[in-house]
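J.: Next comes target-v4.txt, compact mmCIF, N, CA and C atoms:
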# COMPACT_ATOMS: atom_id res chain seq x y z
N MET A 1 -54.11 10.25 -4.43
CA MET A 1 -54.48 9.54 -3.22
C MET A 1 -54.74 8.07 -3.52
N GLU A 2 -55.47 7.83 -4.61
CA GLU A 2 -55.77 6.44 -4.98
C GLU A 2 -54.49 5.70 -5.34
N LEU A 3 -53.56 6.40 -5.98
CA LEU A 3 -52.30 5.78 -6.37
C LEU A 3 -51.53 5.35 -5.12
N LYS A 4 -51.49 6.22 -4.10
CA LYS A 4 -50.81 5.88 -2.86
C LYS A 4 -51.44 4.65 -2.22
N GLN A 5 -52.77 4.59 -2.19
CA GLN A 5 -53.45 3.46 -1.58
C GLN A 5 -53.17 2.18 -2.35
N SER A 6 -53.22 2.26 -3.67
CA SER A 6 -52.99 1.05 -4.45
C SER A 6 -51.55 0.57 -4.30
N LEU A 7 -50.60 1.53 -4.24
CA LEU A 7 -49.20 1.14 -4.05
C LEU A 7 -48.99 0.51 -2.68
N SER A 8 -49.58 1.12 -1.65
CA SER A 8 -49.39 0.58 -0.31
C SER A 8 -50.04 -0.80 -0.18
N ILE A 9 -51.19 -1.00 -0.79
CA ILE A 9 -51.85 -2.31 -0.75
C ILE A 9 -51.00 -3.33 -1.49
N HIS A 10 -50.45 -2.94 -2.65
CA HIS A 10 -49.61 -3.83 -3.44
C HIS A 10 -48.35 -4.21 -2.66
N LEU A 11 -47.71 -3.22 -2.02
CA LEU A 11 -46.50 -3.49 -1.27
C LEU A 11 -46.78 -4.36 -0.05
N GLU A 12 -47.91 -4.12 0.60
CA GLU A 12 -48.26 -4.92 1.77
C GLU A 12 -48.51 -6.38 1.38
N ALA A 13 -49.07 -6.60 0.20
CA ALA A 13 -49.36 -7.96 -0.24
C ALA A 13 -48.07 -8.73 -0.49
N GLU A 14 -47.01 -8.03 -0.95
CA GLU A 14 -45.75 -8.69 -1.26
C GLU A 14 -44.94 -9.03 -0.01
N LYS A 15 -45.03 -8.21 1.03
CA LYS A 15 -44.20 -8.39 2.22
C LYS A 15 -45.00 -9.08 3.32
N PRO A 16 -44.34 -9.93 4.05
CA PRO A 16 -45.01 -10.46 5.24
C PRO A 16 -45.08 -9.34 6.28
N LEU A 17 -46.11 -9.39 7.10
CA LEU A 17 -46.25 -8.36 8.13
C LEU A 17 -45.13 -8.52 9.15
N ARG A 18 -44.45 -7.39 9.44
CA ARG A 18 -43.37 -7.40 10.42
C ARG A 18 -43.61 -6.29 11.41
N ARG A 19 -43.17 -6.51 12.60
CA ARG A 19 -43.23 -5.48 13.63
C ARG A 19 -41.82 -5.26 14.13
N TYR A 20 -41.50 -4.01 14.40
CA TYR A 20 -40.18 -3.71 14.93
C TYR A 20 -40.04 -4.35 16.31
N GLY A 21 -38.96 -5.09 16.50
CA GLY A 21 -38.69 -5.68 17.80
C GLY A 21 -39.49 -6.94 18.09
N ALA A 22 -40.05 -7.57 17.07
CA ALA A 22 -40.83 -8.78 17.29
C ALA A 22 -39.91 -9.87 17.83
N VAL A 23 -40.25 -10.43 18.98
CA VAL A 23 -39.39 -11.40 19.65
C VAL A 23 -39.23 -12.66 18.81
N GLU A 24 -40.33 -13.15 18.25
CA GLU A 24 -40.25 -14.39 17.48
C GLU A 24 -39.32 -14.21 16.29
N GLU A 25 -39.47 -13.12 15.58
CA GLU A 25 -38.65 -12.88 14.39
C GLU A 25 -37.18 -12.71 14.77
N THR A 26 -36.91 -11.99 15.83
CA THR A 26 -35.54 -11.77 16.28
C THR A 26 -34.89 -13.08 16.70
N ALA A 27 -35.62 -13.89 17.44
CA ALA A 27 -35.07 -15.18 17.88
C ALA A 27 -34.81 -16.08 16.68
N TRP A 28 -35.72 -16.06 15.71
CA TRP A 28 -35.56 -16.90 14.53
C TRP A 28 -34.34 -16.48 13.72
N LYS A 29 -34.16 -15.17 13.55
CA LYS A 29 -33.00 -14.70 12.78
C LYS A 29 -31.70 -14.97 13.52
N ALA A 30 -31.70 -14.87 14.81
CA ALA A 30 -30.48 -15.03 15.59
C ALA A 30 -29.93 -16.45 15.51
N GLU A 31 -30.81 -17.44 15.33
CA GLU A 31 -30.37 -18.83 15.30
C GLU A 31 -29.45 -19.12 14.12
N GLY A 32 -29.71 -18.52 12.96
CA GLY A 32 -28.95 -18.83 11.77
C GLY A 32 -27.74 -17.92 11.55
N LEU A 33 -27.52 -16.97 12.43
CA LEU A 33 -26.44 -16.02 12.22
C LEU A 33 -25.22 -16.35 13.06
N GLY A 34 -24.07 -15.88 12.59
CA GLY A 34 -22.85 -16.06 13.37
C GLY A 34 -22.81 -15.05 14.51
N ARG A 35 -21.84 -15.21 15.40
CA ARG A 35 -21.74 -14.36 16.60
C ARG A 35 -21.55 -12.88 16.25
N ASN A 36 -20.70 -12.58 15.25
CA ASN A 36 -20.45 -11.17 14.90
C ASN A 36 -21.68 -10.52 14.27
N GLN A 37 -22.53 -11.29 13.64
CA GLN A 37 -23.72 -10.72 13.02
C GLN A 37 -24.84 -10.49 14.03
N LEU A 38 -24.73 -11.04 15.22
CA LEU A 38 -25.74 -10.82 16.24
C LEU A 38 -25.71 -9.38 16.76
N ASP A 39 -24.59 -8.69 16.54
CA ASP A 39 -24.47 -7.30 17.00
C ASP A 39 -25.20 -6.32 16.07
N ILE A 40 -25.66 -6.80 14.93
CA ILE A 40 -26.37 -5.94 13.98
C ILE A 40 -27.79 -5.71 14.47
N ILE A 41 -28.21 -4.45 14.42
CA ILE A 41 -29.58 -4.11 14.83
C ILE A 41 -30.46 -4.21 13.59
N SER A 42 -31.50 -5.01 13.68
CA SER A 42 -32.38 -5.24 12.55
C SER A 42 -33.58 -4.32 12.60
N MET A 43 -33.88 -3.68 11.46
CA MET A 43 -35.08 -2.86 11.36
C MET A 43 -35.83 -3.29 10.11
N ALA A 44 -36.91 -2.60 9.80
CA ALA A 44 -37.83 -3.03 8.74
C ALA A 44 -37.12 -3.37 7.44
N GLU A 45 -36.34 -2.45 6.89
CA GLU A 45 -35.76 -2.69 5.57
C GLU A 45 -34.24 -2.75 5.55
N THR A 46 -33.58 -2.21 6.58
CA THR A 46 -32.12 -2.13 6.54
C THR A 46 -31.53 -2.69 7.82
N THR A 47 -30.26 -3.00 7.74
CA THR A 47 -29.53 -3.37 8.93
C THR A 47 -28.36 -2.42 9.05
N MET A 48 -28.14 -1.94 10.26
CA MET A 48 -27.05 -0.99 10.51
C MET A 48 -26.35 -1.39 11.80
N MET A 49 -25.08 -1.14 11.82
CA MET A 49 -24.31 -1.35 13.04
C MET A 49 -24.60 -0.20 13.99
N PRO A 50 -24.48 -0.41 15.29
CA PRO A 50 -24.72 0.67 16.25
C PRO A 50 -23.85 1.90 15.97
N GLU A 51 -22.61 1.69 15.55
CA GLU A 51 -21.72 2.82 15.25
C GLU A 51 -22.26 3.63 14.07
N GLU A 52 -22.80 2.93 13.07
CA GLU A 52 -23.37 3.62 11.91
C GLU A 52 -24.59 4.45 12.32
N ILE A 53 -25.38 3.90 13.22
CA ILE A 53 -26.56 4.63 13.70
C ILE A 53 -26.13 5.88 14.45
N GLU A 54 -25.11 5.74 15.31
CA GLU A 54 -24.62 6.90 16.05
C GLU A 54 -24.08 7.97 15.11
N LEU A 55 -23.34 7.55 14.08
CA LEU A 55 -22.81 8.52 13.10
C LEU A 55 -23.95 9.22 12.37
N GLU A 56 -24.95 8.46 11.96
CA GLU A 56 -26.10 9.03 11.26
C GLU A 56 -26.85 10.01 12.16
N MET A 57 -27.01 9.65 13.41
CA MET A 57 -27.70 10.55 14.35
C MET A 57 -26.90 11.83 14.58
N ALA A 58 -25.58 11.71 14.65
CA ALA A 58 -24.74 12.89 14.82
C ALA A 58 -24.85 13.81 13.60
N LYS A 59 -24.88 13.21 12.40
CA LYS A 59 -25.05 14.01 11.17
C LYS A 59 -26.39 14.74 11.19
N ILE A 60 -27.42 14.03 11.58
CA ILE A 60 -28.76 14.63 11.63
C ILE A 60 -28.80 15.76 12.65
N GLN A 61 -28.16 15.57 13.79
CA GLN A 61 -28.12 16.62 14.81
C GLN A 61 -27.40 17.86 14.30
N ARG A 62 -26.27 17.66 13.60
CA ARG A 62 -25.53 18.81 13.03
C ARG A 62 -26.38 19.52 11.99
N LEU A 63 -27.06 18.75 11.16
CA LEU A 63 -27.92 19.33 10.15
C LEU A 63 -29.06 20.12 10.79
N ARG A 64 -29.63 19.56 11.84
CA ARG A 64 -30.70 20.25 12.57
C ARG A 64 -30.20 21.58 13.13
N GLU A 65 -29.00 21.58 13.71
CA GLU A 65 -28.43 22.81 14.26
C GLU A 65 -28.22 23.85 13.17
N VAL A 66 -27.73 23.41 12.01
CA VAL A 66 -27.53 24.34 10.90
C VAL A 66 -28.86 24.91 10.43
N LEU A 67 -29.87 24.06 10.34
CA LEU A 67 -31.19 24.53 9.89
C LEU A 67 -31.83 25.48 10.89
N VAL A 68 -31.69 25.20 12.17
CA VAL A 68 -32.24 26.09 13.20
C VAL A 68 -31.54 27.44 13.13
N ARG A 69 -30.24 27.39 12.96
CA ARG A 69 -29.47 28.64 12.86
C ARG A 69 -29.90 29.43 11.63
N ARG A 70 -30.04 28.77 10.52
CA ARG A 70 -30.44 29.46 9.27
C ARG A 70 -31.85 30.02 9.40
N GLU A 71 -32.76 29.26 10.00
CA GLU A 71 -34.12 29.76 10.20
C GLU A 71 -34.10 31.02 11.05
N SER A 72 -33.31 31.01 12.08
CA SER A 72 -33.19 32.17 12.96
C SER A 72 -32.65 33.38 12.19
N GLU A 73 -31.61 33.15 11.39
CA GLU A 73 -31.04 34.23 10.58
C GLU A 73 -32.08 34.80 9.62
N LEU A 74 -32.85 33.93 8.98
CA LEU A 74 -33.85 34.39 8.03
C LEU A 74 -34.96 35.18 8.71
N ARG A 75 -35.33 34.76 9.90
CA ARG A 75 -36.36 35.51 10.65
C ARG A 75 -35.86 36.90 11.02
N PHE A 76 -34.60 36.97 11.46
CA PHE A 76 -34.03 38.28 11.76
C PHE A 76 -33.97 39.15 10.51
N MET A 77 -33.61 38.55 9.39
CA MET A 77 -33.54 39.31 8.13
C MET A 77 -34.91 39.83 7.72
N MET A 78 -35.93 38.99 7.87
CA MET A 78 -37.29 39.43 7.52
C MET A 78 -37.73 40.59 8.41
N ASP A 79 -37.47 40.47 9.70
CA ASP A 79 -37.83 41.55 10.63
C ASP A 79 -37.07 42.82 10.30
N ASP A 80 -35.79 42.68 9.98
CA ASP A 80 -34.97 43.83 9.63
C ASP A 80 -35.49 44.53 8.37
N ILE A 81 -35.84 43.75 7.37
CA ILE A 81 -36.37 44.32 6.12
C ILE A 81 -37.67 45.07 6.39
N GLN A 82 -38.54 44.47 7.20
CA GLN A 82 -39.82 45.12 7.51
C GLN A 82 -39.59 46.42 8.27
N LEU A 83 -38.70 46.41 9.24
CA LEU A 83 -38.41 47.63 9.99
C LEU A 83 -37.82 48.71 9.08
N CYS A 84 -36.91 48.32 8.20
CA CYS A 84 -36.31 49.29 7.27
C CYS A 84 -37.38 49.89 6.35
N ASN A 85 -38.29 49.06 5.86
CA ASN A 85 -39.37 49.57 5.01
C ASN A 85 -40.25 50.56 5.77
N ASP A 86 -40.59 50.22 7.01
CA ASP A 86 -41.40 51.12 7.83
C ASP A 86 -40.68 52.44 8.08
N ILE A 87 -39.40 52.36 8.38
CA ILE A 87 -38.61 53.57 8.62
C ILE A 87 -38.57 54.43 7.37
N MET A 88 -38.36 53.80 6.22
CA MET A 88 -38.28 54.56 4.95
C MET A 88 -39.61 55.24 4.64
N ASP A 89 -40.72 54.55 4.89
CA ASP A 89 -42.04 55.16 4.65
C ASP A 89 -42.24 56.38 5.53
N LEU A 90 -41.89 56.25 6.80
CA LEU A 90 -42.04 57.37 7.73
C LEU A 90 -41.10 58.52 7.36
N LYS A 91 -39.89 58.19 6.94
CA LYS A 91 -38.93 59.23 6.53
C LYS A 91 -39.45 60.00 5.32
N GLN A 92 -40.04 59.27 4.38
CA GLN A 92 -40.58 59.92 3.19
C GLN A 92 -41.69 60.91 3.57
N GLU A 93 -42.58 60.46 4.44
CA GLU A 93 -43.65 61.34 4.91
C GLU A 93 -43.07 62.55 5.65
N LEU A 94 -42.05 62.32 6.46
CA LEU A 94 -41.41 63.41 7.20
C LEU A 94 -40.74 64.40 6.24
N GLN A 95 -40.09 63.88 5.21
CA GLN A 95 -39.45 64.76 4.22
C GLN A 95 -40.48 65.65 3.53
N ASN A 96 -41.64 65.07 3.25
CA ASN A 96 -42.70 65.88 2.63
C ASN A 96 -43.14 67.01 3.56
N LEU A 97 -43.23 66.73 4.84
CA LEU A 97 -43.61 67.77 5.79
C LEU A 97 -42.51 68.80 5.99
N VAL A 98 -41.27 68.34 6.01
CA VAL A 98 -40.14 69.25 6.19
C VAL A 98 -39.99 70.18 4.99
N ALA A 99 -40.40 69.73 3.82
CA ALA A 99 -40.30 70.55 2.61
C ALA A 99 -41.21 71.77 2.67
N ILE A 100 -42.23 71.72 3.48
CA ILE A 100 -43.15 72.86 3.62
C ILE A 100 -42.44 73.92 4.49
N PRO A 101 -42.43 75.16 4.05
CA PRO A 101 -41.80 76.21 4.87
C PRO A 101 -42.46 76.30 6.24
N GLU A 102 -41.67 76.56 7.26
CA GLU A 102 -42.14 76.58 8.65
C GLU A 102 -43.31 77.53 8.86
N LYS A 103 -43.31 78.66 8.18
CA LYS A 103 -44.37 79.66 8.34
C LYS A 103 -45.70 79.18 7.79
N GLU A 104 -45.66 78.28 6.81
CA GLU A 104 -46.89 77.82 6.16
C GLU A 104 -47.47 76.56 6.82
N LYS A 105 -46.76 75.96 7.76
CA LYS A 105 -47.22 74.72 8.39
C LYS A 105 -48.35 75.01 9.37
N THR A 106 -49.32 74.11 9.35
CA THR A 106 -50.40 74.21 10.34
C THR A 106 -49.95 73.53 11.62
N LYS A 107 -50.71 73.74 12.65
CA LYS A 107 -50.40 73.12 13.94
C LYS A 107 -50.45 71.60 13.82
N LEU A 108 -51.41 71.10 13.05
CA LEU A 108 -51.57 69.67 12.83
C LEU A 108 -50.34 69.10 12.11
N GLN A 109 -49.81 69.81 11.12
CA GLN A 109 -48.63 69.35 10.39
C GLN A 109 -47.40 69.32 11.30
N LYS A 110 -47.29 70.31 12.18
CA LYS A 110 -46.16 70.33 13.12
C LYS A 110 -46.26 69.16 14.11
N GLN A 111 -47.48 68.88 14.56
CA GLN A 111 -47.68 67.74 15.47
C GLN A 111 -47.34 66.43 14.76
N ARG A 112 -47.77 66.31 13.52
CA ARG A 112 -47.49 65.10 12.74
C ARG A 112 -45.99 64.92 12.54
N GLU A 113 -45.30 66.03 12.32
CA GLU A 113 -43.85 65.99 12.15
C GLU A 113 -43.19 65.45 13.42
N ASP A 114 -43.62 65.92 14.58
CA ASP A 114 -43.08 65.42 15.86
C ASP A 114 -43.41 63.94 16.06
N GLU A 115 -44.64 63.56 15.71
CA GLU A 115 -45.03 62.14 15.83
C GLU A 115 -44.16 61.26 14.95
N LEU A 116 -43.92 61.70 13.73
CA LEU A 116 -43.09 60.92 12.80
C LEU A 116 -41.67 60.76 13.34
N ILE A 117 -41.12 61.84 13.89
CA ILE A 117 -39.77 61.77 14.45
C ILE A 117 -39.73 60.75 15.60
N GLN A 118 -40.73 60.77 16.44
CA GLN A 118 -40.79 59.82 17.56
C GLN A 118 -40.95 58.38 17.06
N LYS A 119 -41.80 58.19 16.07
CA LYS A 119 -42.00 56.84 15.52
C LYS A 119 -40.72 56.32 14.87
N ILE A 120 -40.06 57.18 14.12
CA ILE A 120 -38.81 56.78 13.47
C ILE A 120 -37.78 56.42 14.54
N HIS A 121 -37.70 57.23 15.58
CA HIS A 121 -36.76 56.97 16.67
C HIS A 121 -37.04 55.61 17.32
N LYS A 122 -38.31 55.31 17.57
CA LYS A 122 -38.67 54.01 18.17
C LYS A 122 -38.30 52.84 17.26
N LEU A 123 -38.58 53.01 15.96
CA LEU A 123 -38.26 51.93 15.03
C LEU A 123 -36.75 51.72 14.91
N VAL A 124 -36.00 52.81 14.93
CA VAL A 124 -34.54 52.68 14.87
C VAL A 124 -34.02 51.98 16.12
N GLN A 125 -34.57 52.31 17.28
CA GLN A 125 -34.19 51.62 18.51
C GLN A 125 -34.54 50.14 18.44
N LYS A 126 -35.72 49.85 17.90
CA LYS A 126 -36.16 48.46 17.75
C LYS A 126 -35.21 47.70 16.82
N ARG A 127 -34.82 48.35 15.73
CA ARG A 127 -33.89 47.72 14.78
C ARG A 127 -32.52 47.51 15.42
N ASP A 128 -32.05 48.47 16.19
CA ASP A 128 -30.77 48.31 16.89
C ASP A 128 -30.83 47.10 17.83
N PHE A 129 -31.94 46.99 18.55
CA PHE A 129 -32.12 45.85 19.43
C PHE A 129 -32.12 44.54 18.63
N LEU A 130 -32.79 44.55 17.49
CA LEU A 130 -32.84 43.36 16.64
C LEU A 130 -31.45 42.97 16.16
N VAL A 131 -30.66 43.95 15.76
CA VAL A 131 -29.30 43.67 15.29
C VAL A 131 -28.46 43.11 16.43
N ASP A 132 -28.59 43.70 17.62
CA ASP A 132 -27.86 43.17 18.78
C ASP A 132 -28.29 41.75 19.09
N ASP A 133 -29.59 41.50 19.03
CA ASP A 133 -30.13 40.17 19.30
C ASP A 133 -29.61 39.16 18.28
N ALA A 134 -29.55 39.57 17.03
CA ALA A 134 -29.04 38.68 15.97
C ALA A 134 -27.57 38.35 16.22
N GLU A 135 -26.81 39.32 16.69
CA GLU A 135 -25.40 39.09 16.97
C GLU A 135 -25.24 38.11 18.14
N VAL A 136 -26.04 38.30 19.18
CA VAL A 136 -26.01 37.38 20.33
C VAL A 136 -26.37 35.97 19.87
N GLU A 137 -27.38 35.87 19.04
CA GLU A 137 -27.80 34.55 18.53
C GLU A 137 -26.70 33.92 17.69
N ARG A 138 -26.04 34.72 16.87
CA ARG A 138 -24.95 34.22 16.03
C ARG A 138 -23.81 33.67 16.89
N LEU A 139 -23.51 34.37 17.98
CA LEU A 139 -22.44 33.93 18.87
C LEU A 139 -22.86 32.72 19.71
N ARG A 140 -24.16 32.62 20.01
CA ARG A 140 -24.66 31.52 20.82
C ARG A 140 -24.60 30.20 20.07
N LEU A 141 -24.96 30.21 18.81
CA LEU A 141 -24.95 28.99 18.01
C LEU A 141 -23.70 28.98 17.14
N PRO A 142 -22.70 28.20 17.50
CA PRO A 142 -21.47 28.19 16.71
C PRO A 142 -21.72 27.65 15.31
N SER A 143 -21.03 28.24 14.37
CA SER A 143 -21.18 27.77 12.98
C SER A 143 -20.44 26.47 12.80
N ARG A 144 -20.62 25.85 11.67
CA ARG A 144 -19.96 24.57 11.38
C ARG A 144 -18.45 24.70 11.44
N GLU A 145 -17.91 25.78 10.88
CA GLU A 145 -16.47 25.97 10.85
C GLU A 145 -15.93 26.10 12.27
N GLU A 146 -16.66 26.84 13.12
CA GLU A 146 -16.20 27.04 14.48
C GLU A 146 -16.26 25.74 15.27
N SER A 147 -17.30 24.92 15.03
CA SER A 147 -17.44 23.69 15.79
C SER A 147 -16.44 22.62 15.34
N ARG A 148 -15.91 22.76 14.13
CA ARG A 148 -14.94 21.79 13.63
C ARG A 148 -13.50 22.21 13.91
N ALA A 149 -13.31 23.40 14.45
CA ALA A 149 -11.95 23.89 14.72
C ALA A 149 -11.26 22.95 15.69
N PRO A 150 -9.99 22.65 15.43
CA PRO A 150 -9.26 21.74 16.34
C PRO A 150 -9.06 22.42 17.69
N THR A 151 -9.13 21.60 18.73
CA THR A 151 -8.95 22.13 20.08
C THR A 151 -7.61 21.82 20.63
Could you render the structure from this file as structure tokens?

T.:
Amino acid sequence: MELKQSLSIHLEAEKPLRRYGAVEETAWKAEGLGRNQLDIISMAETTMMPEEIELEMAKIQRLREVLVRRESELRFMMDDIQLCNDIMDLKQELQNLVAIPEKEKTKLQKQREDELIQKIHKLVQKRDFLVDDAEVERLRLPSREESRAPT
């Protein structure tokens, strides 16, 4: 933290204070420049042409779309893994109950067996919905290759 403060104080001491869009500074710079250089947009440290800014913004937008898509895919994957783990745990418990001969099962064990089947069924339905939702999301957000395809 101290290093950041000392660096920022040092850098501030070297540079004159500037504000983005300062009228006095803009007018002063414009006097010494040629006509073609007046089209350059001046910012704190760099100068860029409007076309360059538009290209950079388009790149950032594409990158944002890719990141949003990837985040969505990862969330679906995490949910899918969790549902699969839950289903496997319930199946294991159900297999243990099924291994007991029907004549030796108590009423409570039979009820638990039915509950497990219902829970597994609900989780499988939930997972099916998740897979369908992931497919809809995949189709909704075109991938880079699809968006670059010639029309």

J.: Could you tell me how far CA of Cys84 (chain A) lies from CA of Val66 (chain A), in Å and to one decimal?

T.: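 Computing it gives 26.7 Å between the two atoms.
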
J.: Give me the residues within 8 Å of Arg127 (chain A) as a list in words, counting only N, CA and C atoms and dropping any in the same chain fewer than 3 places off.

T.: Asp79, Asp80, Leu83, Cys84, His121, Lys122, Leu123, Val124, Leu130, Val131, Asp132 and Asp133 of chain A

J.: Just how far from atom N of Arg62 (chain A) is atom C of Phe129 (chain A), in Å to one decimal?

T.: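 Atom-to-atom, atom C of Phe129 (chain A) to atom N of Arg62 (chain A), that is 28.0 Å.
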
J.: Identify, on the basis of all atoms listed in the file, every residue whose closest approach to region 94-97 of chain A does not exceed 8 Å; exclude the query and any residue fewer than 5 positions from it along the same chain; express the result as a list in words.

T.: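 So the residues in contact are Met88, Asp89, Glu102, Lys105, Gln109, Lys110, Arg112, Glu113, Leu116 and Ile117 of chain A.
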
J.: Just give me the gap between atom N of Phe76 (chain A) and CA of Ala134 (chain A) in Å, one decimal is fine.

T.: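 Answer for the atom N of Phe76 (chain A) to CA of Ala134 (chain A) separation: 7.4 Å.
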
J.: DSSP on the backbone, strand (DSSP E) only: what residues of region 26-131 of chain A does that give? Format it as number ranges by chain.

T.: A: 41-42, 47-48

J.: Taking into account only N, CA and C atoms, which residue in the set A:Ile120, A:Ile60, A:Met78, A:Ile53 is nearest to Leu90 (chain A)?

T.: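 Closest residue, counting only N, CA and C atoms: A:Ile120.
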